[in-house]
Amino acid sequence: MLNASLKTLAAALAARQVSSRELTRTWLERIAALNPRFNAFITVDWEKSLAEADVADARIAAGQGGPLTGVPVAHKDIFCTEGWLTTCGSKMLANFVAPYDAHVIQRFKAAGMPSLGKTNMDEFAMGSSNETSFYGPVRNPWDAARVPGGSSGGAAAAIAARLAPAATGTDTGGSIRQPAAFTGITGLKPTYGICSRYGMIAFASSLDQAGPMARSAEDCALLMNVMAGFDPNDSTSLEREKEDYTRDLEAPLAGLRVGLPKEFFATGLDNDVAAAVQAAVKELQKLGATVVEVTLPNAGLAIPVYYVLAPAEASSNLSRYDGVRYGYRAPEYANLDDMYAKTRAQGFGAEVKRRILIGTYVLSHGYYDAYYLQAQKIRRLIANDFAEAFRACDVILGPTTPGTAFRLGEKTDDPVQMYLNDLYTIPANLAGLPAMSLPCGFDSRGLPIGLQLVGDYFSEARMLNVAHRYQQVTDWHTRQPEGLA
Amino acid sequence: MSLTLDDVLRIARLARIELGAAEAPSAQQQLNAIFGLIETMQAVDTTGIEPMAHAQDVAQRLRDDVVTETDQHARFQAIAPAVEDGLYLVPRVIE
């Protein structure tokens, strides 16, 4: 059961071979047994989860179940969930019980999918290792001395350790893909605007995008059918025809043009990672794909551009945490200004404060043009590079990360080294393109390696098709960490 | 460019984040390392390039000018640090 695909689980539920309550309980028991080792969940609430499972069972019994009704899912603690503690990994929101559901949560509820709880994450999604969480770091199920990646590290670790069959994540600069790569799971960041940001606690609004995390591309496609959709409450939500993201899963890959950007295979790439990615290219060629070299000449600028734009947007978004309307308030202060300054100094962790300071500076008088506008212009150049590349190929392929999971504490003292980890993932966020990571092998230490696919706008179904066909001829995505039985 | 200690303290004041004298030097050092990375942008010629503010080039939607919100202030204020008679309480600003 723990290794069953979402399709198998849904079929068993529909056939009444198992109830949602039984399934949900199975995973809740596993979370109770194993979460202390990995710290993947911040909040687990058996009563609420089982009540949601009972609702699902009633729907199935009444013949009103949908494709995934009854299948439990874990939610990143960035999604507001009515009645549940919603912390975003921060002391600032450690007492915040959301008074409403995020749009994505509403969709999972409408689909009849019970929640298994709220997963740990880097504070306000700012981090690449899950070490900035107020609730402590998440540990990688493949090696507990290593990080699971971030910021959706709890979700990734939960799936890798079989503490949840599926999870939601969010990705601003790689926060779905990098942890997916580090933990050997599959994760998709859709085209910007496909999943509503309503009720998803904001970090950098022009980049933030929710997406599915699961074991396989097929599971991600089914989850996309639940998550994606127009929402008038998000001003950047796209009004589009409803798509079935599973429609092309089995399509042949003959004629597929795979673009390899030479910038993604340059110095700094770990040898084991490079070899695994090259082997994946060969598998795709065997399936009928052709390979072309493409170039993304400005991709190397993505990190500096991102560390101007994301902190600028964050400094604005996080100004709402003032100790007045919700969340933390400092216990002692001299006056209103002092209350703001102490509340924010005590409520935010070091990385969040660092990014607010960067953002405040680049938006301040006299520096706006040199930093913020220059970054927005280079963002355009990066998006143009992708547009040019997609004239020659259907999907861009490369490594998700330059190396595999690093050790806890290895990069915490050097923010720049931490930031460089997202070198291959950030460009897709800046352009707003869909991108995914799927397992493609292991390094010499037995740590998972992630393969990244970047598609053109709205080409999720095609990307999932490529990933699914690859997963039919390889078994990397079925491997699981040892010693967790 | 390099941020001075005074710059760092000024930015912290603008951001409404109390920064103690003891933390300021390490914040300064880390911010300067990050700005070292950011400065590589300055070498790029972006003359004539239109800034890209958003991932999608779409116009903002407008909705009908009708009331869509219901009064939920009691629910929302239930999670506030300090309220009284439907008002959020903050330290006195006018003596």
# chains A, B, ... in the order shown; residues from 1 in each chain; ligands from 1

call {"tool": "closest_atom_pairs", "arguments": {"of": "chain A", "to": "chain B", "cutoff": "6 Å", "atoms": "only C-alpha atoms", "output": "Markdown table"}}
result
| residue | atom | partner | partner_atom | distance |
| --- | --- | --- | --- | --- |
| A:Ser206 | CA | B:His54 | CA | 5.5 |
| A:Pro304 | CA | B:Ile38 | CA | 4.3 |
| A:Arg325 | CA | B:Ala80 | CA | 4.7 |
| A:Tyr326 | CA | B:Ala80 | CA | 4.3 |
| A:Asn335 | CA | B:Pro91 | CA | 5.7 |
| A:Leu336 | CA | B:Pro91 | CA | 5.3 |
| A:Ala341 | CA | B:Ile17 | CA | 4.3 |
| A:Lys342 | CA | B:Glu18 | CA | 5.7 |
| A:Arg344 | CA | B:Ile17 | CA | 5.4 |
| A:Ala345 | CA | B:Ile17 | CA | 5.1 |
| A:Gln376 | CA | B:Pro51 | CA | 4.7 |
| A:Lys377 | CA | B:Pro51 | CA | 4.1 |
| A:Arg380 | CA | B:Met52 | CA | 5.2 |
| A:Ala431 | CA | B:Ala55 | CA | 5.7 |
| A:Gly432 | CA | B:Ala55 | CA | 4.7 |

call {"tool": "select_by_dssp", "arguments": {"residues": "segment 7-73 of chain B", "states": "alpha helix (DSSP H)", "output": "ChimeraX atom specification"}}
result
/B:7-14,24-38,73

call {"tool": "write_last_selection", "arguments": {"atoms": "N, CA and C atoms", "output": "mmCIF file, in the first residue's frame"}}
result
data_model
loop_
_atom_site.group_PDB
_atom_site.id
_atom_site.type_symbol
_atom_site.label_atom_id
_atom_site.label_comp_id
_atom_site.auth_asym_id
_atom_site.auth_seq_id
_atom_site.Cartn_x
_atom_site.Cartn_y
_atom_site.Cartn_z
ATOM 1 N N ASP B 7 25.209 52.228 6.731
ATOM 2 C CA ASP B 7 24.243 51.826 5.696
ATOM 3 C C ASP B 7 23.365 50.695 6.223
ATOM 4 N N VAL B 8 24.016 49.695 6.820
ATOM 5 C CA VAL B 8 23.285 48.514 7.298
ATOM 6 C C VAL B 8 22.272 48.913 8.369
ATOM 7 N N LEU B 9 22.684 49.784 9.264
ATOM 8 C CA LEU B 9 21.766 50.219 10.330
ATOM 9 C C LEU B 9 20.612 51.028 9.757
ATOM 10 N N ARG B 10 20.911 51.834 8.731
ATOM 11 C CA ARG B 10 19.862 52.632 8.094
ATOM 12 C C ARG B 10 18.849 51.715 7.395
ATOM 13 N N ILE B 11 19.348 50.712 6.673
ATOM 14 C CA ILE B 11 18.445 49.771 5.982
ATOM 15 C C ILE B 11 17.571 49.044 7.005
ATOM 16 N N ALA B 12 18.172 48.637 8.107
ATOM 17 C CA ALA B 12 17.405 47.928 9.140
ATOM 18 C C ALA B 12 16.308 48.835 9.703
ATOM 19 N N ARG B 13 16.625 50.116 9.859
ATOM 20 C CA ARG B 13 15.592 51.049 10.345
ATOM 21 C C ARG B 13 14.461 51.161 9.338
ATOM 22 N N LEU B 14 14.827 51.267 8.036
ATOM 23 C CA LEU B 14 13.798 51.343 6.986
ATOM 24 C C LEU B 14 12.927 50.084 6.975
ATOM 25 N N ALA B 24 25.222 43.778 13.949
ATOM 26 C CA ALA B 24 25.399 44.573 12.737
ATOM 27 C C ALA B 24 26.641 44.209 11.926
ATOM 28 N N PRO B 25 27.807 44.002 12.543
ATOM 29 C CA PRO B 25 28.992 43.695 11.729
ATOM 30 C C PRO B 25 28.849 42.400 10.930
ATOM 31 N N SER B 26 28.244 41.353 11.509
ATOM 32 C CA SER B 26 28.124 40.114 10.737
ATOM 33 C C SER B 26 27.075 40.284 9.642
ATOM 34 N N ALA B 27 26.022 41.042 9.926
ATOM 35 C CA ALA B 27 25.029 41.327 8.884
ATOM 36 C C ALA B 27 25.703 42.092 7.737
ATOM 37 N N GLN B 28 26.547 43.048 8.086
ATOM 38 C CA GLN B 28 27.250 43.846 7.079
ATOM 39 C C GLN B 28 28.119 42.944 6.197
ATOM 40 N N GLN B 29 28.858 42.048 6.836
ATOM 41 C CA GLN B 29 29.759 41.174 6.090
ATOM 42 C C GLN B 29 28.970 40.264 5.139
ATOM 43 N N GLN B 30 27.835 39.697 5.628
ATOM 44 C CA GLN B 30 27.058 38.796 4.774
ATOM 45 C C GLN B 30 26.365 39.553 3.648
ATOM 46 N N LEU B 31 25.840 40.741 3.958
ATOM 47 C CA LEU B 31 25.188 41.519 2.895
ATOM 48 C C LEU B 31 26.200 41.912 1.835
ATOM 49 N N ASN B 32 27.407 42.266 2.243
ATOM 50 C CA ASN B 32 28.423 42.635 1.246
ATOM 51 C C ASN B 32 28.817 41.456 0.377
ATOM 52 N N ALA B 33 28.854 40.260 0.961
ATOM 53 C CA ALA B 33 29.157 39.073 0.153
ATOM 54 C C ALA B 33 28.048 38.859 -0.881
ATOM 55 N N ILE B 34 26.801 39.047 -0.460
ATOM 56 C CA ILE B 34 25.668 38.857 -1.382
ATOM 57 C C ILE B 34 25.685 39.945 -2.460
ATOM 58 N N PHE B 35 25.968 41.174 -2.056
ATOM 59 C CA PHE B 35 26.026 42.234 -3.066
ATOM 60 C C PHE B 35 27.200 42.033 -4.019
ATOM 61 N N GLY B 36 28.247 41.352 -3.553
ATOM 62 C CA GLY B 36 29.348 41.006 -4.453
ATOM 63 C C GLY B 36 28.824 40.143 -5.602
ATOM 64 N N LEU B 37 27.938 39.218 -5.260
ATOM 65 C CA LEU B 37 27.315 38.338 -6.260
ATOM 66 C C LEU B 37 26.390 39.159 -7.174
ATOM 67 N N ILE B 38 25.611 40.031 -6.561
ATOM 68 C CA ILE B 38 24.632 40.822 -7.306
ATOM 69 C C ILE B 38 25.308 41.787 -8.288
ATOM 70 N N HIS B 73 -15.198 40.226 10.775
ATOM 71 C CA HIS B 73 -14.164 40.825 11.617
ATOM 72 C C HIS B 73 -13.966 40.083 12.938
#

call {"tool": "select_by_dssp", "arguments": {"residues": "segment 270-385 of chain A", "states": "strand (DSSP E or B)", "output": "PyMOL selection string"}}
result
chain A and resi 290-294

call {"tool": "closest_residue", "arguments": {"among": "A:Ile176, A:Val258, A:Ala228, A:Leu85", "to": "Thr191 of chain A", "atoms": "only C-alpha atoms"}}
result
A:Ala228

call {"tool": "residues_around", "arguments": {"residues": "Gly83 of chain A", "least_positions_apart": "6", "cutoff": "9 Å", "atoms": "only C-alpha atoms", "output": "PyMOL selection string"}}
result
chain A and resi 97-101

call {"tool": "write_last_selection", "arguments": {"atoms": "C-alpha atoms", "output": "compact mmCIF listing (two decimals), in the first residue's frame"}}
result
# COMPACT_ATOMS: atom_id res chain seq x y z
CA VAL A 97 -4.54 29.28 12.90
CA ALA A 98 -5.68 30.19 9.40
CA PRO A 99 -9.24 31.56 9.23
CA TYR A 100 -9.69 30.39 5.62
CA ASP A 101 -8.50 27.85 3.05

call {"tool": "residues_around", "arguments": {"residues": "Met126 of chain A", "least_positions_apart": "4", "cutoff": "10 Å", "atoms": "only C-alpha atoms", "output": "ChimeraX atom specification"}}
result
/A:89,121-122,130-133,150-152,172-173,175,203-204,310-311,314,351-352,355

call {"tool": "residues_around", "arguments": {"residues": "Leu453 of chain A", "least_positions_apart": "3", "cutoff": "12 Å", "atoms": "only C-alpha atoms", "output": "ChimeraX atom specification"}}
result
/A:177,181,186-190,217,258-261,264,277,280-281,393-401,424-425,428,433-440,450,456,459-460,462-467,470

call {"tool": "write_last_selection", "arguments": {"atoms": "N, CA and C atoms", "output": "CSV table (one decimal), in the first residue's frame"}}
result
chain,number,residue,atom,x,y,z
A,177,ARG,N,11.7,21.6,-7.0
A,177,ARG,CA,12.6,20.7,-7.8
A,177,ARG,C,13.8,20.3,-7.1
A,181,ALA,N,14.9,16.6,-6.2
A,181,ALA,CA,16.2,16.0,-6.6
A,181,ALA,C,16.9,15.3,-5.5
A,186,THR,N,9.6,13.0,-7.6
A,186,THR,CA,9.2,13.7,-8.8
A,186,THR,C,8.4,14.9,-8.3
A,187,GLY,N,8.8,16.1,-8.9
A,187,GLY,CA,8.0,17.3,-8.5
A,187,GLY,C,7.9,18.2,-9.7
A,188,LEU,N,6.8,18.9,-9.8
A,188,LEU,CA,6.6,19.8,-11.0
A,188,LEU,C,6.2,21.2,-10.5
A,189,LYS,N,6.9,22.2,-11.1
A,189,LYS,CA,6.5,23.6,-10.9
A,189,LYS,C,5.8,24.0,-12.2
A,190,PRO,N,4.5,24.2,-12.2
A,190,PRO,CA,3.8,24.6,-13.4
A,190,PRO,C,4.1,25.9,-13.9
A,217,ALA,N,5.7,10.7,-12.3
A,217,ALA,CA,5.1,11.7,-13.2
A,217,ALA,C,3.6,11.5,-13.3
A,258,VAL,N,15.0,17.2,-27.8
A,258,VAL,CA,15.5,17.5,-26.4
A,258,VAL,C,16.6,18.5,-26.5
A,259,GLY,N,16.5,19.6,-25.9
A,259,GLY,CA,17.6,20.6,-26.0
A,259,GLY,C,18.5,20.6,-24.8
A,260,LEU,N,19.8,20.5,-25.0
A,260,LEU,CA,20.7,20.5,-23.9
A,260,LEU,C,21.4,21.8,-23.9
A,261,PRO,N,21.2,22.6,-22.9
A,261,PRO,CA,21.8,23.9,-22.8
A,261,PRO,C,23.3,23.7,-22.3
A,264,PHE,N,24.3,24.4,-18.7
A,264,PHE,CA,23.9,23.6,-17.6
A,264,PHE,C,24.8,22.4,-17.4
A,277,VAL,N,22.8,12.2,-15.8
A,277,VAL,CA,22.0,13.0,-16.7
A,277,VAL,C,22.3,12.6,-18.2
A,280,ALA,N,20.5,9.5,-18.9
A,280,ALA,CA,19.0,9.7,-19.1
A,280,ALA,C,18.8,10.2,-20.5
A,281,VAL,N,19.7,11.0,-21.0
A,281,VAL,CA,19.6,11.5,-22.4
A,281,VAL,C,19.6,10.3,-23.3
A,393,CYS,N,13.9,23.3,-29.9
A,393,CYS,CA,13.6,22.0,-29.2
A,393,CYS,C,12.2,22.1,-28.5
A,394,ASP,N,11.7,20.9,-28.0
A,394,ASP,CA,10.4,20.9,-27.4
A,394,ASP,C,10.6,20.9,-25.9
A,395,VAL,N,11.7,20.4,-25.4
A,395,VAL,CA,11.9,20.4,-23.9
A,395,VAL,C,13.4,20.6,-23.7
A,396,ILE,N,13.7,21.3,-22.6
A,396,ILE,CA,15.1,21.5,-22.3
A,396,ILE,C,15.4,20.6,-21.1
A,397,LEU,N,16.6,20.0,-21.2
A,397,LEU,CA,16.9,19.0,-20.2
A,397,LEU,C,18.3,19.3,-19.6
A,398,GLY,N,18.4,19.0,-18.3
A,398,GLY,CA,19.7,19.2,-17.7
A,398,GLY,C,19.6,18.7,-16.2
A,399,PRO,N,20.7,18.9,-15.4
A,399,PRO,CA,20.6,18.5,-14.0
A,399,PRO,C,19.7,19.4,-13.3
A,400,THR,N,19.1,19.0,-12.2
A,400,THR,CA,18.3,19.9,-11.4
A,400,THR,C,19.2,20.7,-10.5
A,401,THR,N,20.3,20.0,-10.0
A,401,THR,CA,21.2,20.7,-9.0
A,401,THR,C,22.6,20.4,-9.4
A,424,TYR,N,20.6,26.1,-11.5
A,424,TYR,CA,19.8,25.6,-12.6
A,424,TYR,C,18.3,25.7,-12.5
A,425,THR,N,17.8,25.9,-11.3
A,425,THR,CA,16.4,26.0,-11.2
A,425,THR,C,15.8,27.4,-11.3
A,428,ALA,N,14.0,29.1,-14.8
A,428,ALA,CA,12.6,28.8,-15.2
A,428,ALA,C,11.6,29.7,-14.4
A,433,LEU,N,8.3,29.7,-16.7
A,433,LEU,CA,8.1,28.5,-17.5
A,433,LEU,C,7.9,27.3,-16.5
A,434,PRO,N,7.2,26.2,-17.0
A,434,PRO,CA,7.0,25.0,-16.2
A,434,PRO,C,8.4,24.2,-16.2
A,435,ALA,N,8.6,23.6,-15.1
A,435,ALA,CA,9.9,22.8,-14.9
A,435,ALA,C,9.7,21.7,-13.9
A,436,MET,N,10.3,20.6,-14.1
A,436,MET,CA,10.1,19.5,-13.2
A,436,MET,C,11.4,18.8,-12.9
A,437,SER,N,11.5,18.1,-11.8
A,437,SER,CA,12.6,17.2,-11.5
A,437,SER,C,12.1,15.8,-11.3
A,438,LEU,N,12.9,14.9,-11.8
A,438,LEU,CA,12.6,13.4,-11.6
A,438,LEU,C,13.9,12.7,-11.4
A,439,PRO,N,13.8,11.6,-10.6
A,439,PRO,CA,15.0,10.9,-10.3
A,439,PRO,C,15.7,10.2,-11.5
A,440,CYS,N,17.0,10.3,-11.6
A,440,CYS,CA,17.7,9.7,-12.8
A,440,CYS,C,18.9,8.9,-12.3
A,450,GLY,N,18.8,14.3,-9.5
A,450,GLY,CA,17.6,14.8,-10.1
A,450,GLY,C,17.9,15.2,-11.6
A,456,ASP,N,8.2,24.7,-22.6
A,456,ASP,CA,7.6,26.0,-23.0
A,456,ASP,C,6.3,26.2,-22.2
A,459,SER,N,3.2,23.6,-21.4
A,459,SER,CA,3.5,22.3,-22.0
A,459,SER,C,3.7,21.3,-20.9
A,460,GLU,N,3.0,21.4,-19.8
A,460,GLU,CA,3.1,20.5,-18.7
A,460,GLU,C,2.7,19.1,-19.1
A,462,ARG,N,3.0,17.6,-22.0
A,462,ARG,CA,4.1,17.0,-22.8
A,462,ARG,C,5.3,16.7,-21.9
A,463,MET,N,5.6,17.5,-20.9
A,463,MET,CA,6.7,17.2,-20.0
A,463,MET,C,6.4,16.0,-19.2
A,464,LEU,N,5.2,15.9,-18.7
A,464,LEU,CA,4.8,14.8,-17.9
A,464,LEU,C,4.8,13.5,-18.7
A,465,ASN,N,4.5,13.6,-20.0
A,465,ASN,CA,4.6,12.5,-21.0
A,465,ASN,C,6.1,12.0,-21.1
A,466,VAL,N,7.0,13.0,-21.3
A,466,VAL,CA,8.4,12.6,-21.4
A,466,VAL,C,8.9,11.9,-20.1
A,467,ALA,N,8.5,12.5,-19.0
A,467,ALA,CA,8.9,12.0,-17.7
A,467,ALA,C,8.3,10.6,-17.4
A,470,TYR,N,10.0,7.9,-19.6
A,470,TYR,CA,11.3,7.7,-19.0
A,470,TYR,C,11.1,6.7,-17.8
